[in-house]
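Source file work31.cif; content: mmCIF, C-alpha atoms.
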```
data_data
#
loop_
_atom_site.group_PDB
_atom_site.id
_atom_site.type_symbol
_atom_site.label_atom_id
_atom_site.label_comp_id
_atom_site.auth_asym_id
_atom_site.auth_seq_id
_atom_site.Cartn_x
_atom_site.Cartn_y
_atom_site.Cartn_z
ATOM 1 C CA MET A 1 115.390 -47.270 -153.634
ATOM 2 C CA MET A 2 113.518 -48.918 -150.790
ATOM 3 C CA LEU A 3 116.852 -49.806 -149.218
ATOM 4 C CA ALA A 4 118.145 -46.238 -149.436
ATOM 5 C CA GLN A 5 114.903 -45.002 -147.930
ATOM 6 C CA ALA A 6 115.194 -47.472 -145.071
ATOM 7 C CA GLU A 7 118.832 -46.568 -144.544
ATOM 8 C CA SER A 8 118.119 -42.845 -144.286
ATOM 9 C CA MET A 9 115.248 -43.590 -141.912
ATOM 10 C CA LEU A 10 117.516 -45.687 -139.728
ATOM 11 C CA HIS A 11 120.157 -43.011 -139.776
ATOM 12 C CA THR A 12 117.868 -40.241 -138.646
ATOM 13 C CA ASP A 13 116.012 -42.211 -135.990
ATOM 14 C CA ILE A 14 118.809 -43.814 -133.976
ATOM 15 C CA PRO A 15 117.672 -42.428 -130.571
ATOM 16 C CA THR A 16 114.116 -43.594 -131.220
ATOM 17 C CA LEU A 17 115.425 -47.048 -132.114
ATOM 18 C CA VAL A 18 117.574 -47.186 -128.972
ATOM 19 C CA GLY A 19 114.584 -46.180 -126.846
ATOM 20 C CA GLY A 20 112.447 -48.864 -128.498
ATOM 21 C CA LEU A 21 115.119 -51.500 -127.883
ATOM 22 C CA ALA A 22 115.328 -50.463 -124.219
ATOM 23 C CA LEU A 23 111.539 -50.822 -123.968
ATOM 24 C CA LEU A 24 111.706 -54.293 -125.544
ATOM 25 C CA PHE A 25 114.455 -55.378 -123.121
ATOM 26 C CA GLY A 26 112.378 -54.073 -120.204
ATOM 27 C CA ILE A 27 109.372 -56.032 -121.489
ATOM 28 C CA MET A 28 111.537 -59.170 -121.563
ATOM 29 C CA LEU A 29 112.677 -58.661 -117.956
ATOM 30 C CA LEU A 30 109.102 -57.997 -116.822
ATOM 31 C CA LEU A 31 107.936 -61.139 -118.614
ATOM 32 C CA VAL A 32 110.281 -63.174 -116.411
ATOM 33 C CA ARG A 33 108.574 -61.692 -113.349
ATOM 34 C CA ALA A 34 105.125 -62.273 -114.869
ATOM 35 C CA ILE A 35 105.930 -65.959 -115.413
ATOM 36 C CA ALA A 36 107.837 -66.601 -112.170
ATOM 37 C CA GLY A 37 105.931 -64.307 -109.803
ATOM 38 C CA PRO A 38 105.016 -66.140 -106.609
ATOM 39 C CA THR A 39 101.615 -64.492 -106.142
ATOM 40 C CA ASN A 40 98.928 -63.478 -108.598
ATOM 41 C CA TYR A 41 99.411 -59.821 -107.694
ATOM 42 C CA ASP A 42 103.024 -59.915 -108.897
ATOM 43 C CA ARG A 43 101.754 -61.188 -112.227
ATOM 44 C CA ILE A 44 99.079 -58.493 -112.463
ATOM 45 C CA LEU A 45 101.659 -55.811 -111.634
ATOM 46 C CA ALA A 46 104.089 -57.114 -114.242
ATOM 47 C CA MET A 47 101.376 -57.326 -116.896
ATOM 48 C CA ASN A 48 100.296 -53.751 -116.134
ATOM 49 C CA ALA A 49 103.883 -52.530 -116.562
ATOM 50 C CA ILE A 50 104.235 -54.575 -119.778
ATOM 51 C CA GLY A 51 101.077 -52.941 -121.152
ATOM 52 C CA THR A 52 102.396 -49.459 -120.347
ATOM 53 C CA LYS A 53 105.680 -50.224 -122.089
ATOM 54 C CA THR A 54 103.882 -51.749 -125.071
ATOM 55 C CA ALA A 55 101.737 -48.632 -125.538
ATOM 56 C CA LEU A 56 104.906 -46.510 -125.466
ATOM 57 C CA PHE A 57 106.573 -48.864 -127.945
ATOM 58 C CA VAL A 58 103.633 -48.625 -130.357
ATOM 59 C CA ALA A 59 103.824 -44.823 -130.178
ATOM 60 C CA LEU A 60 107.581 -44.947 -130.855
ATOM 61 C CA LEU A 61 106.952 -47.324 -133.765
ATOM 62 C CA GLY A 62 104.633 -44.702 -135.242
ATOM 63 C CA PHE A 63 107.526 -42.255 -135.107
ATOM 64 C CA ILE A 64 110.007 -44.723 -136.596
ATOM 65 C CA THR A 65 107.767 -45.618 -139.548
ATOM 66 C CA GLU A 66 106.403 -42.040 -139.777
ATOM 67 C CA ARG A 67 102.773 -43.092 -139.462
ATOM 68 C CA PRO A 68 101.049 -40.843 -136.926
ATOM 69 C CA ALA A 69 97.932 -43.074 -136.870
ATOM 70 C CA PHE A 70 99.869 -45.453 -134.601
ATOM 71 C CA LEU A 71 99.348 -42.958 -131.766
ATOM 72 C CA ASP A 72 95.615 -43.708 -131.788
ATOM 73 C CA ILE A 73 96.433 -47.399 -131.377
ATOM 74 C CA ALA A 74 98.802 -46.560 -128.516
ATOM 75 C CA LEU A 75 96.130 -44.487 -126.759
ATOM 76 C CA ALA A 76 93.540 -47.260 -127.156
ATOM 77 C CA TYR A 77 96.080 -49.810 -125.892
ATOM 78 C CA ALA A 78 96.794 -47.727 -122.777
ATOM 79 C CA ILE A 79 93.075 -47.347 -122.003
ATOM 80 C CA LEU A 80 92.400 -51.069 -122.549
ATOM 81 C CA ASN A 81 95.381 -51.968 -120.348
ATOM 82 C CA PHE A 82 94.065 -49.850 -117.470
ATOM 83 C CA VAL A 83 90.501 -51.157 -117.827
ATOM 84 C CA GLY A 84 91.751 -54.750 -118.052
ATOM 85 C CA THR A 85 93.849 -54.427 -114.882
ATOM 86 C CA ILE A 86 90.944 -52.956 -112.939
ATOM 87 C CA ALA A 87 88.604 -55.662 -114.279
ATOM 88 C CA ILE A 88 90.967 -58.487 -113.244
ATOM 89 C CA LEU A 89 91.355 -56.987 -109.755
ATOM 90 C CA LYS A 90 87.607 -56.592 -109.368
ATOM 91 C CA PHE A 91 87.059 -60.165 -110.489
ATOM 92 C CA ILE A 92 89.627 -61.484 -108.012
ATOM 93 C CA ARG A 93 88.105 -59.518 -105.155
ATOM 94 C CA HIS A 94 84.375 -60.045 -105.781
ATOM 95 C CA ARG A 95 84.480 -63.219 -107.922
ATOM 96 C CA ARG A 96 82.045 -61.665 -110.397
ATOM 97 C CA LEU A 97 81.940 -58.735 -112.797
ATOM 98 C CA GLY A 98 79.115 -56.225 -112.781
ATOM 99 C CA MET B 1 118.404 -24.849 -133.605
ATOM 100 C CA GLN B 2 118.099 -28.207 -135.359
ATOM 101 C CA LEU B 3 121.097 -29.580 -133.486
ATOM 102 C CA PHE B 4 119.784 -28.245 -130.168
ATOM 103 C CA ARG B 5 116.424 -29.952 -130.750
ATOM 104 C CA GLU B 6 118.086 -33.234 -131.636
ATOM 105 C CA ILE B 7 120.245 -33.102 -128.507
ATOM 106 C CA VAL B 8 117.185 -32.455 -126.333
ATOM 107 C CA VAL B 9 115.358 -35.377 -127.969
ATOM 108 C CA TRP B 10 118.408 -37.626 -127.394
ATOM 109 C CA VAL B 11 118.646 -36.679 -123.726
ATOM 110 C CA LEU B 12 114.910 -37.106 -123.083
ATOM 111 C CA LEU B 13 114.772 -40.462 -124.881
ATOM 112 C CA MET B 14 117.819 -41.818 -123.070
ATOM 113 C CA ALA B 15 116.452 -40.664 -119.705
ATOM 114 C CA GLY B 16 113.126 -42.335 -120.495
ATOM 115 C CA ALA B 17 114.889 -45.540 -121.542
ATOM 116 C CA PHE B 18 116.927 -45.449 -118.314
ATOM 117 C CA PHE B 19 113.861 -45.066 -116.117
ATOM 118 C CA SER B 20 111.897 -47.744 -118.002
ATOM 119 C CA LEU B 21 114.816 -50.172 -117.703
ATOM 120 C CA THR B 22 115.277 -49.445 -113.986
ATOM 121 C CA ALA B 23 111.544 -50.050 -113.505
ATOM 122 C CA ALA B 24 111.861 -53.459 -115.167
ATOM 123 C CA VAL B 25 115.022 -54.384 -113.235
ATOM 124 C CA GLY B 26 113.412 -53.273 -109.964
ATOM 125 C CA VAL B 27 110.291 -55.339 -110.564
ATOM 126 C CA LEU B 28 112.526 -58.294 -111.353
ATOM 127 C CA ARG B 29 114.987 -57.933 -108.469
ATOM 128 C CA PHE B 30 113.132 -56.592 -105.412
ATOM 129 C CA PRO B 31 112.387 -59.156 -102.718
ATOM 130 C CA ASP B 32 108.672 -58.728 -102.153
ATOM 131 C CA PHE B 33 105.416 -57.675 -103.781
ATOM 132 C CA TYR B 34 105.107 -54.444 -101.791
ATOM 133 C CA THR B 35 108.665 -53.398 -102.594
ATOM 134 C CA ARG B 36 108.105 -54.204 -106.268
ATOM 135 C CA LEU B 37 105.322 -51.630 -106.330
ATOM 136 C CA HIS B 38 107.835 -48.793 -106.009
ATOM 137 C CA PRO B 39 109.592 -49.180 -109.389
ATOM 138 C CA ALA B 40 106.378 -50.218 -111.149
ATOM 139 C CA GLY B 41 104.421 -47.235 -109.855
ATOM 140 C CA LYS B 42 106.914 -44.399 -110.026
ATOM 141 C CA ASN B 43 109.709 -45.138 -112.485
ATOM 142 C CA ASP B 44 107.220 -46.262 -115.109
ATOM 143 C CA THR B 45 105.215 -43.039 -114.850
ATOM 144 C CA LEU B 46 108.358 -40.920 -115.141
ATOM 145 C CA GLY B 47 109.526 -43.004 -118.096
ATOM 146 C CA VAL B 48 106.223 -42.429 -119.884
ATOM 147 C CA LEU B 49 106.465 -38.708 -119.183
ATOM 148 C CA LEU B 50 110.030 -38.462 -120.563
ATOM 149 C CA PHE B 51 109.298 -40.570 -123.664
ATOM 150 C CA CYS B 52 106.186 -38.552 -124.457
ATOM 151 C CA SER B 53 108.063 -35.245 -123.983
ATOM 152 C CA ALA B 54 110.694 -36.422 -126.456
ATOM 153 C CA MET B 55 108.018 -37.420 -128.975
ATOM 154 C CA LEU B 56 106.252 -34.092 -128.381
ATOM 155 C CA ILE B 57 109.403 -32.226 -129.401
ATOM 156 C CA GLU B 58 110.026 -34.617 -132.285
ATOM 157 C CA CYS B 59 106.547 -34.321 -133.813
ATOM 158 C CA PHE B 60 106.960 -30.659 -134.775
ATOM 159 C CA ARG B 61 109.297 -31.840 -137.548
ATOM 160 C CA TYR B 62 106.114 -32.411 -139.548
ATOM 161 C CA PRO B 63 104.338 -29.060 -139.824
ATOM 162 C CA GLU B 64 101.304 -30.396 -141.696
ATOM 163 C CA TYR B 65 100.028 -32.782 -139.007
ATOM 164 C CA GLY B 66 102.237 -31.959 -136.027
ATOM 165 C CA TYR B 67 99.419 -30.443 -134.011
ATOM 166 C CA LEU B 68 97.214 -33.551 -134.253
ATOM 167 C CA VAL B 69 100.092 -35.744 -133.085
ATOM 168 C CA ALA B 70 100.896 -33.306 -130.271
ATOM 169 C CA GLY B 71 97.272 -33.312 -129.096
ATOM 170 C CA ARG B 72 97.201 -37.103 -128.975
ATOM 171 C CA LEU B 73 100.514 -37.179 -127.097
ATOM 172 C CA VAL B 74 99.210 -34.699 -124.515
ATOM 173 C CA LEU B 75 96.068 -36.822 -124.091
ATOM 174 C CA MET B 76 98.252 -39.912 -123.644
ATOM 175 C CA VAL B 77 100.454 -38.197 -121.022
ATOM 176 C CA LEU B 78 97.432 -36.965 -119.065
ATOM 177 C CA PHE B 79 95.791 -40.402 -119.155
ATOM 178 C CA MET B 80 98.997 -42.211 -118.147
ATOM 179 C CA LEU B 81 99.656 -39.774 -115.292
ATOM 180 C CA MET B 82 96.222 -40.643 -113.901
ATOM 181 C CA ALA B 83 95.990 -44.315 -114.818
ATOM 182 C CA SER B 84 99.377 -45.699 -113.769
ATOM 183 C CA PRO B 85 99.278 -44.653 -110.075
ATOM 184 C CA ILE B 86 95.578 -45.558 -109.842
ATOM 185 C CA ALA B 87 96.249 -49.051 -111.188
ATOM 186 C CA CYS B 88 99.172 -49.473 -108.776
ATOM 187 C CA HIS B 89 97.058 -48.330 -105.847
ATOM 188 C CA ALA B 90 94.256 -50.719 -106.836
ATOM 189 C CA ILE B 91 96.678 -53.659 -107.042
ATOM 190 C CA THR B 92 98.123 -52.757 -103.621
ATOM 191 C CA GLN B 93 94.706 -52.483 -102.026
ATOM 192 C CA ALA B 94 93.572 -55.791 -103.521
ATOM 193 C CA ALA B 95 96.711 -57.549 -102.243
ATOM 194 C CA TYR B 96 96.375 -56.005 -98.768
ATOM 195 C CA VAL B 97 92.690 -56.939 -98.479
ATOM 196 C CA ASP B 98 93.598 -60.438 -99.622
ATOM 197 C CA GLY B 99 95.980 -60.698 -96.654
ATOM 198 C CA LEU B 100 99.431 -60.664 -98.231
ATOM 199 C CA ARG B 101 101.980 -59.977 -95.502
ATOM 200 C CA PRO B 102 104.801 -57.442 -96.072
ATOM 201 C CA TRP B 103 108.395 -58.644 -96.238
ATOM 202 C CA LYS B 104 110.629 -57.998 -93.226
ATOM 203 C CA LYS B 105 114.398 -57.884 -93.081
ATOM 204 C CA GLY B 106 115.829 -61.353 -92.710
ATOM 205 C CA ASP B 107 112.926 -63.116 -94.396
ATOM 206 C CA PRO B 108 113.715 -65.212 -97.467
ATOM 207 C CA ARG B 109 113.223 -63.566 -100.844
ATOM 208 C CA ARG B 110 109.848 -64.246 -102.413
#
```

Encoding of this model in structure tokens:
Amino acid sequence: MMLAQAESMLHTDIPTLVGGLALLFGIMLLLVRAIAGPTNYDRILAMNAIGTKTALFVALLGFITERPAFLDIALAYAILNFVGTIAILKFIRHRRLG
Amino acid sequence: MQLFREIVVWVLLMAGAFFSLTAAVGVLRFPDFYTRLHPAGKNDTLGVLLFCSAMLIECFRYPEYGYLVAGRLVLMVLFMLMASPIACHAITQAAYVDGLRPWKKGDPRR
């Protein structure tokens, strides 16, 4: 019964799954840049883009598993990603926070 | 009506996947930090917008809590439309103040 449920879910949500796989592949490519980036700013840029894609992926996962509470997590993840990027930049520029 | 909605969701999701993938490929392949800002700042924002539009259409399949989901998606789109360019601009300004020189034609790839 669980298998049939999962099968019907997979059948109805193929575009969502394809979008999620594209997001995961993009995250993988960005991770290469985040590891190999010559300057720190390349790494910060790649991590910011990875955070955006991860928030989108969490929202899509809420649609795949039909749990709308995942959208709250996605929203919180997006806000934390933005605040974290700004905090890292401020720390690099002023060498202190606050 | 059902088929039309599914086709619109397909098209929006595939367009969002295309723009997200081109953003990742651009960040990976462009020769310089300042050129890498273009895909990260613009394609990513458009990808978020397209993905969230697709989910906004999709969430009215569930009439009992569709409006809550739609409200959160609209909040997410509004926040992303503000936050992504602001973060990109802040990274650019920090790099410029730090003294990173732009890439010129003929320079080696960095």

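Between CA of Ile57 in chain B and CA of Phe79 in chain B the separation is 18.9 Å.
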
Pairwise distance, CA of Ala76 in chain A with CA of Gly51 in chain A, equals 11.2 Å

Hits from the PyMOL selection byres ((chain A) within 7 of (chain B)), listed as a list of chain:residue names
A:Pro15, A:Gly19, A:Ala22, A:Leu23, A:Gly26, A:Leu29, A:Leu30, A:Arg33, A:Pro38, A:Tyr41, A:Asp42, A:Ala49, A:Pro68, A:Leu71, A:Leu75, A:Phe82, A:Thr85, A:Ile86, A:Leu89, A:Arg93

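Here CA of Asp107 in chain B is placed at a distance of 12.8 Å from CA of Phe30 in chain B.
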
Neighbours of point (113.0, -43.9, -131.9) within 9 Å, using only C-alpha atoms, written as a compact mmCIF listing (two decimals) with C-alpha atoms, in the frame of the given file:
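Generated file (selection.txt):
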```txt
# COMPACT_ATOMS: atom_id res chain seq x y z
CA ASP A 13 116.01 -42.21 -135.99
CA ILE A 14 118.81 -43.81 -133.98
CA PRO A 15 117.67 -42.43 -130.57
CA THR A 16 114.12 -43.59 -131.22
CA LEU A 17 115.42 -47.05 -132.11
CA VAL A 18 117.57 -47.19 -128.97
CA GLY A 19 114.58 -46.18 -126.85
CA GLY A 20 112.45 -48.86 -128.50
CA LEU A 21 115.12 -51.50 -127.88
CA LEU A 60 107.58 -44.95 -130.85
CA LEU A 61 106.95 -47.32 -133.76
CA PHE A 63 107.53 -42.26 -135.11
CA ILE A 64 110.01 -44.72 -136.60
CA LEU B 13 114.77 -40.46 -124.88
CA MET B 55 108.02 -37.42 -128.98
```

Smallest atom-to-atom distance to Ala59 in chain A: which of B:Arg5, B:Leu56, B:Tyr96, B:Pro102, using only C-alpha atoms?
B:Leu56

Of the candidates A:Phe25, A:Ala78, A:Lys90, A:Ile35, which shows the shortest atom-to-atom distance to Asn48 in chain A, using all atoms listed in the file?
A:Ala78

Contacts of range 43-47 of chain A within 6 Å, all atoms listed in the file, excl. fewer than 3 positions in-chain, as a ChimeraX atom specification
/A:30,34,37,40,50
